[in-house]
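Trainee: File upload05.cif follows (mmCIF, C-alpha atoms and all ligand atoms):
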```cif
data_upload
loop_
_atom_site.label_atom_id
_atom_site.label_comp_id
_atom_site.auth_asym_id
_atom_site.auth_seq_id
_atom_site.Cartn_x
_atom_site.Cartn_y
_atom_site.Cartn_z
CA MET B 532 0.00 0.00 0.00
CA GLU B 533 1.44 3.35 -1.04
CA VAL B 534 1.38 5.96 1.73
CA VAL B 535 0.66 9.54 0.77
CA CYS B 536 1.31 12.24 3.33
CA PRO B 537 -0.78 15.32 2.46
CA ILE B 538 1.73 17.67 4.12
CA ASP B 539 4.46 16.37 1.79
CA THR B 540 2.47 17.59 -1.21
CA GLN B 541 1.11 20.78 0.27
CA PHE B 542 4.46 22.05 1.58
CA ALA B 543 6.78 20.51 -1.00
CA HIS B 544 8.55 23.83 -1.55
CA GLN B 545 9.25 24.51 2.15
CA ILE B 546 10.27 20.90 2.76
CA SER B 547 12.84 21.09 -0.03
CA PHE B 548 14.37 24.08 1.78
CA LEU B 549 14.40 22.22 5.09
CA LEU B 550 16.12 19.28 3.42
CA GLU B 551 18.62 21.21 1.33
CA PRO B 552 22.17 20.31 2.34
CA PRO B 553 23.84 23.26 4.04
CA SER B 554 26.54 25.10 2.08
CA PRO B 555 30.17 24.66 3.18
CA LEU B 556 30.02 28.20 4.57
CA GLN B 557 26.90 27.42 6.66
CA VAL B 558 28.57 24.28 7.96
CA GLN B 559 31.71 26.18 8.90
CA GLU B 560 29.80 28.95 10.67
CA TYR B 561 27.55 26.59 12.60
CA PHE B 562 30.35 24.38 13.89
CA ASP B 563 32.76 27.23 14.64
CA GLU B 564 30.07 28.77 16.83
CA LEU B 565 29.20 25.44 18.45
CA ILE B 566 32.84 24.67 19.23
CA THR B 567 33.36 28.12 20.73
CA SER B 568 30.18 28.00 22.83
CA LYS B 569 30.90 24.50 24.13
CA GLN B 570 34.61 25.28 24.60
CA CYS B 571 35.74 22.22 22.68
CA ASP B 572 39.08 23.81 21.95
CA GLY B 573 40.99 20.79 20.70
CA ILE B 574 39.10 20.23 17.46
CA GLN B 575 37.79 21.87 14.30
CA VAL B 576 35.02 20.77 11.97
CA LYS B 577 35.73 21.41 8.31
CA PRO B 578 33.59 20.79 5.26
CA THR B 579 35.03 18.24 2.85
CA ASN B 580 33.99 17.59 -0.75
CA ASN B 581 30.51 16.26 -1.63
CA TYR B 582 28.80 18.12 1.21
CA GLY B 583 30.68 15.97 3.70
CA LYS B 584 32.51 17.16 6.74
CA GLY B 585 35.19 15.91 9.07
CA VAL B 586 36.69 16.59 12.47
CA TYR B 587 40.34 17.69 12.62
CA ALA B 588 42.68 17.96 15.57
CA ASP B 589 43.50 21.56 16.47
CA MET B 590 46.27 20.45 18.85
CA ASP B 591 48.39 17.37 19.50
CA PHE B 592 46.77 14.54 21.49
CA GLU B 593 48.64 11.79 23.25
CA GLU B 594 47.39 8.23 23.21
CA GLY B 595 44.60 8.03 25.81
CA GLY B 596 44.10 11.80 25.78
CA LEU B 597 40.63 13.33 25.86
CA VAL B 598 39.79 14.66 22.39
CA LEU B 599 36.23 15.78 23.02
CA LYS B 600 33.34 15.79 25.44
CA ASP B 601 30.26 16.24 23.31
CA GLN B 602 26.90 17.32 24.65
CA MET B 603 23.98 15.63 22.93
CA LEU B 604 21.56 17.54 20.76
CA VAL B 605 18.75 15.09 21.55
CA GLY B 606 18.90 11.83 23.41
CA MET B 607 16.77 9.33 25.27
CA GLN B 608 16.94 6.37 27.61
CA HIS B 609 15.47 3.26 25.97
CA SER B 610 11.96 2.56 27.24
CA SER B 611 12.96 -1.01 28.14
CA ASN B 612 15.81 0.30 30.31
CA LYS B 613 13.56 2.47 32.48
CA ILE B 614 12.84 -0.38 34.87
CA ASP B 615 16.56 -1.00 35.41
CA CYS B 616 17.77 2.51 36.14
CA LEU B 617 16.36 5.79 37.36
CA VAL B 618 18.28 8.58 35.63
CA CYS B 619 17.86 12.31 35.05
CA GLY B 620 15.74 12.92 31.94
CA CYS B 621 18.05 15.75 30.91
CA CYS B 622 21.68 14.88 31.75
CA PHE B 623 21.17 11.10 32.27
CA CYS B 624 23.11 10.84 35.53
CA PHE B 625 21.75 8.32 38.08
CA ILE B 626 19.50 9.89 40.69
CA GLY B 627 17.99 9.09 44.08
CA SER B 628 20.20 6.73 46.07
CA THR B 629 21.65 3.25 45.97
CA GLU B 630 18.55 2.19 47.94
CA ILE B 631 16.14 3.70 45.40
CA GLN B 632 18.04 2.21 42.45
CA ILE B 633 18.03 -1.32 43.91
CA GLY B 634 14.59 -1.23 45.51
CA ARG B 635 12.86 0.28 42.51
CA LYS B 636 14.38 -2.12 40.01
CA LEU B 637 13.58 -5.24 42.02
CA PHE B 638 10.12 -3.99 42.90
CA LEU B 639 9.22 -3.16 39.28
CA GLN B 640 10.71 -6.42 38.01
CA GLY B 641 8.74 -8.39 40.58
CA LEU B 642 5.39 -6.74 39.82
CA GLY B 643 2.85 -9.36 38.87
CA SER B 644 4.92 -12.29 40.04
CA PRO B 645 4.03 -13.68 43.47
CA LYS B 646 7.06 -13.25 45.70
CA ASP B 647 8.05 -13.43 49.28
CA VAL B 648 5.78 -10.87 51.01
CA CYS B 649 8.44 -10.03 53.54
CA PHE B 650 11.04 -9.41 50.83
CA ASN B 651 8.59 -7.23 48.89
CA GLU B 652 8.05 -5.12 51.99
CA LYS B 653 11.80 -4.70 52.28
CA LEU B 654 11.95 -3.56 48.67
CA GLU B 655 9.28 -0.97 49.28
CA SER B 656 11.20 0.29 52.29
CA LEU B 657 14.33 0.51 50.16
CA MET B 658 12.49 2.34 47.41
CA HIS B 659 11.10 4.86 49.85
CA GLU B 660 14.45 5.17 51.61
CA LYS B 661 13.11 3.86 54.91
CA LEU B 662 15.72 1.15 54.93
CA GLU B 663 19.33 2.26 54.72
CA LEU B 664 22.01 -0.02 53.33
CA PRO B 665 25.41 -0.03 55.06
CA TYR B 666 28.00 2.25 53.43
CA SER B 667 25.50 3.56 50.86
CA LYS B 668 26.33 7.10 51.96
CA LYS B 669 29.72 6.64 50.34
CA PHE B 670 27.91 6.62 47.00
CA PRO B 671 25.75 9.73 47.12
CA LEU B 672 23.45 10.58 44.20
CA PRO B 673 21.51 13.78 43.52
CA GLY B 674 17.93 13.76 44.81
CA VAL B 675 14.91 13.02 42.60
CA ILE B 676 13.12 16.08 41.18
CA ASN B 677 9.66 15.63 39.66
CA CYS B 678 8.68 16.91 36.23
CA PRO B 679 7.14 20.38 36.61
CA GLY B 680 4.21 19.17 34.47
CA GLY B 681 3.55 16.36 36.92
CA CYS B 682 3.71 13.46 34.44
CA LYS B 683 5.57 10.92 36.61
CA GLU B 684 7.18 9.66 33.40
CA VAL B 685 10.44 11.54 33.71
CA TYR B 686 12.53 12.67 36.68
CA TYR B 687 15.52 14.95 37.06
CA CYS B 688 18.68 15.46 39.10
CA SER B 689 18.08 19.16 39.72
CA LYS B 690 15.60 21.97 39.23
CA SER B 691 17.84 23.36 36.52
CA CYS B 692 17.82 20.09 34.55
CA ALA B 693 14.01 19.94 34.94
CA GLN B 694 13.67 23.49 33.64
CA THR B 695 16.17 23.00 30.80
CA ASP B 696 14.34 19.90 29.54
CA TRP B 697 10.95 21.58 29.95
CA ASP B 698 12.04 24.58 27.88
CA PHE B 699 13.90 22.43 25.36
CA CYS B 700 11.15 19.92 24.51
CA HIS B 701 9.31 18.32 27.40
CA SER B 702 6.66 21.06 27.76
CA LEU B 703 5.21 19.75 24.48
CA LEU B 704 5.67 16.08 25.29
CA CYS B 705 4.57 15.95 28.93
CA THR B 706 1.65 13.62 29.62
CA GLY B 707 0.78 15.41 32.85
CA GLU B 708 -2.11 17.85 33.04
CA GLY B 709 -3.18 19.12 29.63
CA SER B 710 -5.68 18.65 26.87
CA SER B 711 -3.58 16.64 24.45
CA ASN B 712 -2.23 14.10 26.91
CA LYS B 713 -4.48 11.24 25.74
CA ALA B 714 -3.24 11.63 22.18
CA LEU B 715 0.32 11.88 23.45
CA SER B 716 -0.03 8.70 25.47
CA LYS B 717 -1.23 6.90 22.34
CA PHE B 718 1.80 8.12 20.41
CA ILE B 719 4.16 7.03 23.20
CA GLN B 720 2.50 3.64 23.51
CA HIS B 721 2.82 3.04 19.77
CA ALA B 722 6.52 3.96 19.91
CA ASN B 723 7.12 1.66 22.87
CA GLU B 724 5.43 -1.22 21.05
CA THR B 725 7.16 -0.67 17.71
CA ASN B 726 10.37 1.38 17.78
CA ASP B 727 11.24 3.83 20.51
CA ILE B 728 13.34 5.89 18.08
CA PHE B 729 10.03 7.67 17.31
CA LEU B 730 10.25 9.22 20.78
CA LEU B 731 13.56 10.78 19.82
CA ALA B 732 12.10 12.13 16.56
CA ALA B 733 9.27 13.65 18.60
CA LYS B 734 11.85 15.35 20.82
CA ALA B 735 13.64 16.76 17.78
CA ILE B 736 10.40 18.12 16.31
CA SER B 737 9.28 19.53 19.67
CA CYS B 738 12.55 21.30 20.29
CA THR B 739 12.36 22.87 16.83
CA ILE B 740 8.81 24.12 17.44
CA LEU B 741 9.74 25.58 20.83
CA LYS B 742 12.83 27.24 19.39
CA TYR B 743 10.74 28.67 16.56
CA ARG B 744 8.29 30.14 19.08
CA LYS B 745 11.15 31.68 21.04
CA LEU B 746 12.68 33.24 17.93
CA LYS B 747 9.28 34.56 16.92
CA ALA B 748 8.62 36.08 20.34
CA ALA B 749 12.05 37.72 20.26
CA CYS B 750 11.32 39.11 16.80
CA ASP B 751 7.95 40.47 17.88
CA ASN B 752 9.80 42.47 20.49
CA GLU B 753 12.28 43.91 18.01
CA THR B 754 11.73 47.40 16.64
CA ASP B 755 9.71 47.59 13.42
CA LYS B 756 12.77 48.70 11.50
CA GLU B 757 14.74 45.58 12.34
CA LYS B 758 11.72 43.40 11.71
CA ASN B 759 11.35 44.76 8.19
CA HIS B 760 15.00 44.14 7.56
CA LEU B 761 14.66 40.51 8.59
CA SER B 762 11.53 40.00 6.52
CA ASP B 763 13.29 41.38 3.44
CA LEU B 764 16.21 39.14 4.05
CA LEU B 765 14.21 35.97 4.40
CA GLY B 766 11.25 36.55 2.12
CA ASP B 767 8.69 34.64 4.16
CA HIS B 768 9.38 35.87 7.67
CA SER B 769 7.93 33.00 9.70
CA PHE B 770 9.41 30.31 7.50
CA GLY B 771 12.81 31.97 7.82
CA LEU B 772 12.52 31.60 11.58
CA LEU B 773 11.51 27.97 11.24
CA LEU B 774 14.57 27.32 9.07
CA LYS B 775 16.72 28.95 11.71
CA ALA B 776 15.19 26.83 14.48
CA TRP B 777 15.74 23.73 12.33
CA ASN B 778 19.38 24.57 11.59
CA PRO B 779 21.11 22.26 14.14
CA LEU B 780 19.22 19.26 12.67
CA LEU B 781 19.90 20.38 9.11
CA MET B 782 23.59 19.73 9.79
CA GLY B 783 23.07 16.05 10.54
CA TYR B 784 20.84 14.15 8.21
CA LYS B 785 21.58 12.41 4.96
CA ARG B 786 19.03 9.77 4.00
CA ARG B 787 15.50 8.66 4.79
CA TRP B 788 15.00 5.92 7.32
CA TRP B 789 13.22 3.49 5.00
CA ASP B 790 15.99 3.97 2.40
CA CYS B 791 18.94 3.51 4.75
CA VAL B 792 17.78 1.03 7.37
CA ALA B 793 19.72 -2.23 7.07
CA LEU B 794 17.77 -5.20 5.78
CA PRO B 795 17.32 -7.59 8.74
CA ASP B 796 18.85 -11.05 8.34
CA ASP B 797 15.46 -12.73 8.39
CA VAL B 798 14.14 -10.70 5.44
CA ASP B 799 14.81 -12.15 2.01
CA VAL B 800 16.39 -9.82 -0.57
CA SER B 801 13.41 -10.40 -2.87
CA ASP B 802 11.16 -8.90 -0.17
CA GLU B 803 13.27 -5.80 0.22
CA ASP B 804 10.83 -3.42 -1.47
CA SER B 805 7.89 -4.51 0.62
CA PHE B 806 10.06 -4.37 3.75
CA ARG B 807 10.99 -0.76 3.03
CA MET B 808 7.37 0.05 2.29
CA GLN B 809 6.34 -1.38 5.65
CA ILE B 810 8.92 0.75 7.45
CA ARG B 811 7.57 3.81 5.69
CA LEU B 812 4.03 2.86 6.68
CA LEU B 813 5.12 2.38 10.29
CA ALA B 814 6.71 5.83 10.32
CA PHE B 815 3.52 7.30 8.88
CA GLU B 816 1.38 5.64 11.58
CA SER B 817 3.64 7.10 14.23
CA LEU B 818 3.65 10.53 12.60
CA GLU B 819 -0.17 10.62 12.45
CA LEU B 820 -0.31 9.92 16.19
CA LEU B 821 2.27 12.62 16.86
CA LYS B 822 0.28 15.09 14.75
CA ALA B 823 -2.83 14.37 16.79
CA ALA B 824 -0.84 15.17 19.91
CA ILE B 825 1.34 18.23 19.22
CA LEU B 826 0.57 19.67 15.78
CA ASP B 827 1.52 23.35 15.43
CA GLU B 828 -0.16 25.12 12.50
CA GLU B 829 2.79 27.47 12.03
CA CYS B 830 5.25 24.59 11.79
CA LEU B 831 3.29 22.26 9.50
CA PRO B 832 6.23 21.29 7.23
CA LEU B 833 7.90 19.68 10.26
CA PHE B 834 5.06 17.16 10.34
CA SER B 835 5.69 15.83 6.85
CA LEU B 836 6.67 12.21 6.32
CA GLU B 837 9.77 13.38 4.41
CA ILE B 838 11.07 15.27 7.44
CA TYR B 839 10.11 12.47 9.84
CA GLY B 840 11.89 9.91 7.66
CA HIS B 841 15.02 12.04 7.37
CA LEU B 842 15.16 12.65 11.11
CA ILE B 843 14.93 8.96 11.94
CA GLY B 844 17.41 8.13 9.17
CA MET B 845 19.80 10.61 10.71
CA PHE B 846 19.48 8.90 14.11
CA GLU B 847 19.85 5.50 12.48
CA LEU B 848 23.11 6.46 10.75
CA ASN B 849 24.69 8.86 13.24
CA ASN B 850 23.53 8.08 16.74
CA LEU B 851 25.85 6.84 19.39
CA ASP B 852 24.68 4.44 22.10
CA LEU B 853 24.08 6.32 25.28
CA VAL B 854 25.66 4.39 28.14
CA VAL B 855 26.09 5.51 31.74
CA ALA B 856 27.66 3.16 34.28
CA SER B 857 25.60 2.23 37.34
CA PRO B 858 26.59 3.30 40.87
CA VAL B 859 25.01 0.04 42.09
CA GLU B 860 27.98 -1.80 40.62
CA ASP B 861 30.41 0.45 42.52
CA TYR B 862 28.46 -0.17 45.70
CA PHE B 863 28.60 -3.96 45.54
CA LEU B 864 32.26 -3.91 44.50
CA TYR B 865 32.98 -1.82 47.57
CA ILE B 866 31.11 -4.26 49.84
CA ASN B 867 32.95 -7.14 48.23
CA ASP B 868 36.30 -5.51 49.00
CA LEU B 869 35.61 -5.00 52.72
CA PRO B 870 37.85 -6.84 55.21
CA GLU B 871 36.64 -10.41 55.56
CA ALA B 872 35.18 -10.16 59.09
CA GLU B 873 33.18 -7.06 58.36
CA LYS B 874 32.14 -8.27 54.93
CA LYS B 875 30.52 -11.31 56.50
CA GLU B 876 28.36 -9.16 58.71
CA ILE B 877 27.37 -6.74 55.96
CA ASP B 878 26.74 -9.52 53.45
CA GLU B 879 23.88 -10.74 55.58
CA ILE B 880 22.06 -7.52 54.79
CA THR B 881 23.14 -6.95 51.21
CA GLN B 882 23.49 -10.46 49.77
CA PRO B 883 19.71 -11.13 49.43
CA PHE B 884 19.42 -8.02 47.27
CA LEU B 885 22.45 -8.95 45.20
CA ASP B 886 21.04 -12.45 44.70
CA ALA B 887 17.69 -11.03 43.65
CA LEU B 888 19.38 -8.67 41.18
CA GLY B 889 21.28 -11.60 39.71
CA GLU B 890 23.90 -11.29 36.99
CA ASP B 891 22.23 -8.13 35.79
CA TYR B 892 22.98 -6.30 39.05
CA SER B 893 25.11 -3.66 37.38
CA ALA B 894 22.78 -2.82 34.45
CA CYS B 895 23.83 0.53 33.08
CA CYS B 896 21.63 3.27 31.68
CA GLN B 897 21.15 2.55 28.00
CA GLY B 898 19.75 4.78 25.32
CA THR B 899 20.57 6.51 22.11
CA ALA B 900 21.56 10.08 21.34
CA PHE B 901 22.63 12.34 18.54
CA PHE B 902 25.88 14.16 19.27
CA PRO B 903 26.51 17.13 16.97
CA LEU B 904 30.33 17.02 16.94
CA GLN B 905 30.96 13.31 17.35
CA SER B 906 28.55 12.63 14.47
CA CYS B 907 30.84 14.64 12.16
CA MET B 908 33.67 12.19 12.73
CA ASN B 909 34.35 10.04 9.72
CA HIS B 910 34.89 6.32 9.80
CA SER B 911 38.17 4.49 9.49
CA CYS B 912 38.90 0.79 10.00
CA CYS B 913 42.16 1.92 11.65
CA PRO B 914 40.75 4.83 13.67
CA ASN B 915 42.83 7.14 15.83
CA ALA B 916 40.01 7.78 18.33
CA LYS B 917 37.09 6.01 19.97
CA ALA B 918 34.04 6.71 22.07
CA PHE B 919 35.00 5.53 25.52
CA LYS B 920 33.55 6.32 28.93
CA ARG B 921 36.12 6.73 31.66
CA ASP B 922 35.33 6.03 35.32
CA GLU B 923 34.51 9.67 35.95
CA ASP B 924 32.16 10.05 32.96
CA ARG B 925 28.83 9.49 34.65
CA ASP B 926 26.40 11.41 32.48
CA GLY B 927 25.02 11.45 28.96
CA GLN B 928 27.90 13.28 27.28
CA ALA B 929 29.91 11.44 24.65
CA THR B 930 33.58 11.07 25.50
CA ILE B 931 36.03 10.67 22.63
CA ILE B 932 39.51 9.44 23.52
CA ALA B 933 42.60 9.25 21.30
CA CYS B 934 43.59 5.61 20.82
CA LYS B 935 46.80 6.66 19.04
CA PRO B 936 48.81 9.87 19.21
CA ILE B 937 47.08 12.48 16.99
CA LYS B 938 48.99 15.42 15.51
CA LYS B 939 47.50 18.88 15.08
CA GLY B 940 45.83 19.09 11.67
CA GLU B 941 45.22 15.35 11.37
CA GLU B 942 41.69 14.09 10.83
CA VAL B 943 40.11 12.49 13.89
CA THR B 944 38.44 9.20 12.91
CA ILE B 945 36.40 6.61 14.76
CA SER B 946 35.13 3.21 13.69
CA TYR B 947 31.39 2.88 13.05
CA ILE B 948 31.64 -0.89 13.17
CA ASP B 949 33.67 -3.60 14.87
CA GLU B 950 37.00 -2.94 13.16
CA ASP B 951 38.31 -6.40 14.07
CA LEU B 952 36.03 -7.91 11.42
CA GLU B 953 37.47 -9.04 8.11
CA LEU B 954 37.49 -6.87 5.01
CA GLU B 955 34.38 -8.36 3.41
CA GLU B 956 32.30 -8.19 6.56
CA ARG B 957 33.42 -4.62 7.19
CA GLN B 958 32.50 -3.58 3.69
CA ALA B 959 29.07 -5.19 3.97
CA LEU B 960 28.33 -3.38 7.23
CA LEU B 961 29.64 -0.06 5.92
CA ALA B 962 27.45 -0.36 2.84
CA ASP B 963 24.50 0.24 5.19
CA TYR B 964 26.03 3.64 5.91
CA GLY B 965 26.09 4.37 2.21
CA PHE B 966 29.80 4.61 1.53
CA ILE B 967 32.81 2.59 0.48
CA CYS B 968 35.61 2.85 3.00
CA LYS B 969 38.84 4.30 1.65
CA CYS B 970 40.88 3.96 4.81
CA PRO B 971 44.48 2.66 4.43
CA ARG B 972 43.45 -0.84 5.53
CA CYS B 973 40.65 -1.11 2.97
CA VAL B 974 42.63 0.50 0.15
CA ASN B 975 45.49 -1.95 0.65
CA GLY B 976 43.02 -4.81 0.76
CA GLU B 977 44.13 -5.79 4.26
CA VAL B 978 41.88 -8.15 6.15
ZN ZN W 1 20.37 16.24 35.33
ZN ZN W 2 6.36 15.69 32.33
ZN ZN W 3 38.30 0.79 6.00
#
```
For the file at hand, write its structure as structure tokens.
Ligand SMILES: [Zn+2]
Ligand SMILES: [Zn+2]
Ligand SMILES: [Zn+2]
Mentor:
Amino acid sequence: MEVVCPIDTQFAHQISFLLEPPSPLQVQEYFDELITSKQCDGIQVKPTNNYGKGVYADMDFEEGGLVLKDQMLVGMQHSSNKIDCLVCGCCFCFIGSTEIQIGRKLFLQGLGSPKDVCFNEKLESLMHEKLELPYSKKFPLPGVINCPGGCKEVYYCSKSCAQTDWDFCHSLLCTGEGSSNKALSKFIQHANETNDIFLLAAKAISCTILKYRKLKAACDNETDKEKNHLSDLLGDHSFGLLLKAWNPLLMGYKRRWWDCVALPDDVDVSDEDSFRMQIRLLAFESLELLKAAILDEECLPLFSLEIYGHLIGMFELNNLDLVVASPVEDYFLYINDLPEAEKKEIDEITQPFLDALGEDYSACCQGTAFFPLQSCMNHSCCPNAKAFKRDEDRDGQATIIACKPIKKGEEVTISYIDEDLELEERQALLADYGFICKCPRCVNGEV
């Protein structure tokens, strides 16, 4: 069944502007400003040929040196991971306490299954911090702040994180009080049942709408003279503002989701067309639900299937796994390292919880995020850098470390795939990214 999105047809002209690759000058200006504002002094982003771009070292890095800490543009914790870890919905650090993390996880996991009543009571006490575990104070976490909209779906580490997320996107996506929350819940449920990447696309669209509104309000306050100047410059005034709000996303995308998504192993090549059609249909279903929830008449082109497909395609091709290590692991390692006599005593309290948690006791926060600078790094099968979280990196930022010495002016590369694979396997995986690798290893035909 062919899907036709009416907004695609009606706003074809505007959509083509939103999807036009930025000029090398626009790329340079955007990234220079981003690097300055985020104080990422060690690198530069430069446009390359064919509308590509790359990251270059602006200083020498030693092996193991920190090349970049990159703040995400949009990111999310996977829905399935929300039982395992309670993290801040903005910066993704763990929140609450060791007690809350352990009690909440075991309590939520045990829901529905008949368990030891006494143990369940203990879990509730843990969750509500009425039961204190020995030495837990050595692993302090920031307190739990509720969403200002009262949705009980997302929590924060601080008032400032709550406010930042609210202003950035959550005010449109909060299922707390509000008229559209039923429609929103339907959209969220659909995403959770199909592909939670739709939640990230909704964040990207929401943040663009909110930024557009901010720009518009600022313009309304400008003097008439300046306003006229802007209108002349942009032709259609409002659309110019929408383009500006969209700019950070414009820098990232390349292909539509249903065109770039890798064909799963269990789908036969002869069924490829119908598979891609199904993906497109799924995206359209999700988009219709999102429209019912947060449509903004002034930002209609953002709700086109073309834009939705490009956004998800961009996440598919560029996102980095969001991983934050759990403090629960640190806690149990500490208990395990106590002197034998004391450990025996403490184990009596902690061991039942550790047993109940099982092998999965140290589950980390897992999600996916788009990082504006990291996503500019090109692939190499012999990369000089890698995404790697050090012990101290306990939030949602991406950390890029040099895995070889890098000289000033050299391109910084990472591997998009497992670089230990053989040539043929690497090439097959990289084909999903839409390019043929020309790194020294591939050019020399090395396995
Ligand atoms: Zn936070
Ligand atoms: Zn909320
Ligand atoms: Zn290669």
Trainee: Smallest atom-to-atom distance to ligand ZN 1 (chain W): which of B:Cys692, B:Ala918, B:Leu672, B:Leu741, using only C-alpha atoms and all ligand atoms?
Mentor: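 Answer, going by the shortest atom-to-atom distance: B:Cys692.
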Trainee: Within 12 Å of ligand ZN 2 (chain W), counting all atoms listed in the file: which residues, as a VMD selection string?
Mentor: chain B and resid 620 to 621 676 to 687 693 to 694 696 to 698 700 to 709 712 715 to 716
Trainee: Around ligand ZN 3 (chain W), at most 6 Å away and counting only C-alpha atoms and all ligand atoms, which residues are there? Put them as an MDAnalysis selection string, please.
Mentor: chainID B and resid 911:912 968:970 972:973
Trainee: Show me the residues around (49.8, 12.5, 19.5) - criterion: an atom at most 10 Å away, only C-alpha atoms counted - as a ChimeraX atom specification.
Mentor: /B:588,590-596,915,933-939,941
Trainee: Those selected residues, please, written with C-alpha atoms and delivered as a CSV table (one decimal), in the frame of the given file.
Mentor:
```csv
chain,number,residue,atom,x,y,z
B,588,ALA,CA,42.7,18.0,15.6
B,590,MET,CA,46.3,20.4,18.8
B,591,ASP,CA,48.4,17.4,19.5
B,592,PHE,CA,46.8,14.5,21.5
B,593,GLU,CA,48.6,11.8,23.2
B,594,GLU,CA,47.4,8.2,23.2
B,595,GLY,CA,44.6,8.0,25.8
B,596,GLY,CA,44.1,11.8,25.8
B,915,ASN,CA,42.8,7.1,15.8
B,933,ALA,CA,42.6,9.2,21.3
B,934,CYS,CA,43.6,5.6,20.8
B,935,LYS,CA,46.8,6.7,19.0
B,936,PRO,CA,48.8,9.9,19.2
B,937,ILE,CA,47.1,12.5,17.0
B,938,LYS,CA,49.0,15.4,15.5
B,939,LYS,CA,47.5,18.9,15.1
B,941,GLU,CA,45.2,15.4,11.4
```
Trainee: Record the distance separating CA of Val800 (chain B) and CA of Ile967 (chain B), expressed in Å with one decimal.
Mentor: 20.6 Å
Trainee: Please provide as a ChimeraX atom specification all residues within 10 Å of region 783-797 of chain B, with the sequence filter that same-chain residues fewer than 6 positions apart are discarded (counting all atoms listed in the file).
Mentor: /B:550-553,582-583,803-804,806-814,836-849,901-904,906-907,960,962-965
Trainee: Take CA of Ser610 (chain B) and CA of Leu853 (chain B) and report the distance between them in Å, one decimal.
Mentor: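 Atom-to-atom, CA of Ser610 (chain B) and CA of Leu853 (chain B) are spaced 12.8 Å apart.
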Trainee: Give as an mmCIF file with C-alpha atoms, in the coordinates of the input the set of residues within 8 Å of the point (41.0, 20.3, 19.8), where distances use the file's coordinates and only C-alpha atoms.
Mentor:
```cif
data_model
loop_
_atom_site.group_PDB
_atom_site.id
_atom_site.type_symbol
_atom_site.label_atom_id
_atom_site.label_comp_id
_atom_site.auth_asym_id
_atom_site.auth_seq_id
_atom_site.Cartn_x
_atom_site.Cartn_y
_atom_site.Cartn_z
ATOM 1 C CA CYS B 571 35.740 22.220 22.680
ATOM 2 C CA ASP B 572 39.080 23.810 21.950
ATOM 3 C CA GLY B 573 40.990 20.790 20.700
ATOM 4 C CA ILE B 574 39.100 20.230 17.460
ATOM 5 C CA GLN B 575 37.790 21.870 14.300
ATOM 6 C CA TYR B 587 40.340 17.690 12.620
ATOM 7 C CA ALA B 588 42.680 17.960 15.570
ATOM 8 C CA ASP B 589 43.500 21.560 16.470
ATOM 9 C CA MET B 590 46.270 20.450 18.850
ATOM 10 C CA ASP B 591 48.390 17.370 19.500
ATOM 11 C CA VAL B 598 39.790 14.660 22.390
ATOM 12 C CA LEU B 599 36.230 15.780 23.020
#
```
